[in-house]
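Colleague: Below: one structure in structure tokens.
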Amino acid sequence: MEYENKLVLAPMVRIGTLPFRLLAAEYGADITYGEEIIDHKLVKCDRRLNEKIGSIDFVEKGTGSVVFRTCDEEKDRVVFQMGTSDAVRALTAAQMVCKDVAAVDINMGCPKSFSILTTLRRNMSIPVTCKIRLLKSSQDTVELARRIEKTGVSALAVHGRKVPDRPRDPAKWSEIADVVASLSIPVIANGDVFEYDDFQRIKVATGTSSVMVARGALWNASIFCPKGKLPWEEVKREYVRKSILWDNDIKSTKHTLKEMIMHHSSLELPEGKAVIKSDSLVDLARLYGEEKSYDFFVKN
């Protein structure tokens with residue numbers, strides 16, 4: 001996994017499942033992060049080959065729920081993001097997925113023990129990275145980033161907001177630039193990328209060559225297209241199609257669709273109400289005229 005000059009899909013809870021990651025990659029994302037998964041959850045799973053749809057599933061023992069689903073198609077670009085507070089448990093979880101993903105990332109939204117990163121780095125054959133937010137002062141953030149770099153991680157993603165900041169508060173690109181200037185490893189800049197042109201703007205402002213996007217991709221995953229975004233209705237339908245073909249969790253699929261609709265339209269209109277009422281993928285297939293995709297999924 002290389003981290004220079006990459007366009008990256010950010011980890012997003014309940015959104016960054018397999019269909020959405022494949023959607024972003026289809027439109028041009030070089031690296032796609034999965035939603036954050038807590039190590040406790042993963043260590044309770046069995047790894048299973050899902051021959052019906054061609055996926056690799058990590059299934060929770062007892063409940064049978066799929067905690068993480070991936071496939072060979074994304075093996076060279078998918079990053080497994082983990083939430084953890086224990087080095088040994090983190091390593092156990094990482095070793096379970098390491099043959100099926102390109103890298104493992106530790107969410108350090110709040111600074112945690114650096115021994116976790118060191119343990120993973122020493123025992124893993126794939127890259128280990130982490131993602132942080134800005135701290136109270138730029139000096140504090142730079143100090144944290146330098147300590148993280150010393151653990152041997154391959155790259156560091158920096159979200160240009162602090163914990164108290166709201167999404168509508170402007171991302172502090174200048175403070176990301178301070179981190180970039182202080183490290184020798186690649187830094188992935190994250191925050192306020194909503195158009196393709198913003199990729200270049202944030203690169204110039206921060207001095208980094210790689211950029212991560214969250215909401216901009218959620219609202220229209222074709223943000224990664226150099227030729228410009230496609231109509232969101234087209235992107236939305238492709239997401240529904242992929243969710244059906246990869247048997248995505250209905251709650252995750254509905255949540256993602258609702259987020260798209262709330263940005264572009266309204267949940268009070270007929271489409272929004274129909275999505276809310278949908279109880280299954282077949283309901284969504286009917287709503288979006290994707291019965292053929294559902295029939296293909298059932299027959300195969």
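Every chain in the structure tokens takes a letter, A first, then B, and so on in the order presented; its residues are numbered from 1, and the ligands are numbered from 1 following the presented order.
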Name the residues of range 122-272 of chain A that fall into strand (DSSP E) according to DSSP on the backbone, using the chain letters and numbers of this document, as a list in words.
Modeller: Val128, Thr129, Cys130, Lys131, Ile132, Arg133, Leu134, Leu156, Ala157, Val158, His159, Gly160, Arg161, Lys162, Val187, Ile188, Ala189, Asn190, Ser210, Val211, Met212 and Val213 of chain A
Colleague: Write to file, as a JSON list (two decimals), in the first residue's frame, the residues of the selection just made, with C-alpha atoms.
Modeller:
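Resulting contents of again.json:
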```json
[["chain", "number", "residue", "atom", "x", "y", "z"],
["A", 128, "VAL", "CA", -0.42, 0.01, 10.15],
["A", 129, "THR", "CA", -1.73, 3.59, 10.15],
["A", 130, "CYS", "CA", -3.83, 5.78, 12.39],
["A", 131, "LYS", "CA", -6.26, 8.68, 12.25],
["A", 132, "ILE", "CA", -6.35, 11.60, 14.65],
["A", 133, "ARG", "CA", -8.24, 14.84, 15.22],
["A", 134, "LEU", "CA", -6.63, 18.18, 16.01],
["A", 156, "LEU", "CA", -1.21, 9.40, 9.47],
["A", 157, "ALA", "CA", -4.66, 10.78, 8.61],
["A", 158, "VAL", "CA", -5.52, 14.11, 10.25],
["A", 159, "HIS", "CA", -9.09, 15.38, 10.53],
["A", 160, "GLY", "CA", -8.92, 19.17, 10.58],
["A", 161, "ARG", "CA", -11.36, 19.62, 13.46],
["A", 162, "LYS", "CA", -11.14, 19.42, 17.23],
["A", 187, "VAL", "CA", -0.06, 12.68, 6.02],
["A", 188, "ILE", "CA", -3.61, 12.30, 4.69],
["A", 189, "ALA", "CA", -5.57, 15.55, 5.02],
["A", 190, "ASN", "CA", -9.26, 15.33, 5.92],
["A", 210, "SER", "CA", -3.14, 12.60, -0.20],
["A", 211, "VAL", "CA", -6.66, 13.63, 0.74],
["A", 212, "MET", "CA", -9.47, 11.89, 2.62],
["A", 213, "VAL", "CA", -13.14, 12.74, 2.13]]
```
Colleague: Please identify which residues in range 31-274 of chain A DSSP calls alpha helix (DSSP H) from the backbone, and express them as a PyMOL selection string.
Modeller: chain A and resi 39-42+87-97+114-123+138-150+173-182+196-206+215-219+232-245+250-264+270-274
Colleague: From the set A:Val179, A:Val97, A:Ala221, A:Val66, which residue has the shortest atom-to-atom contact distance to Leu9 in chain A, counting only C-alpha atoms?
Modeller: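 Of all the options, A:Ala221 lies closest to Leu9 in chain A.
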Colleague: Could you check how far CA of Met96 in chain A sits from CA of Leu218 in chain A, in Å to one decimal?
Modeller: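 Computing the Euclidean distance for CA of Met96 in chain A and CA of Leu218 in chain A yields 28.4 Å.
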Colleague: So that I can check the surroundings of range 283-290 of chain A, please list as number ranges by chain every protein, DNA and RNA residue that reaches within 8 Å of it, counting only C-alpha atoms and ignoring chain neighbours fewer than 5 positions away.
Modeller: A: 237, 240-241, 244, 274-275, 278
Colleague: Between CA of Val8 in chain A and CA of Asp249 in chain A, what is the spacing in Å?
Modeller: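 Distance between the two atoms: 23.4 Å.
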Colleague: When you look at Leu18 in chain A with a cut-off of 9 Å (counting only C-alpha atoms), what residues show up, excluding the ones that are within fewer than 5 positions of it in the same chain? I need them as a PyMOL selection string.
Modeller: chain A and resi 23+34+68-71+74+242-243+246+248
Colleague: Find, counting only C-alpha atoms, the residue in A:Ser174, A:Pro127, A:Lys258, A:Asp72 that gets nearest to Ser154 in chain A.
Modeller: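 For Ser154 in chain A, the nearest of the given residues is A:Pro127.
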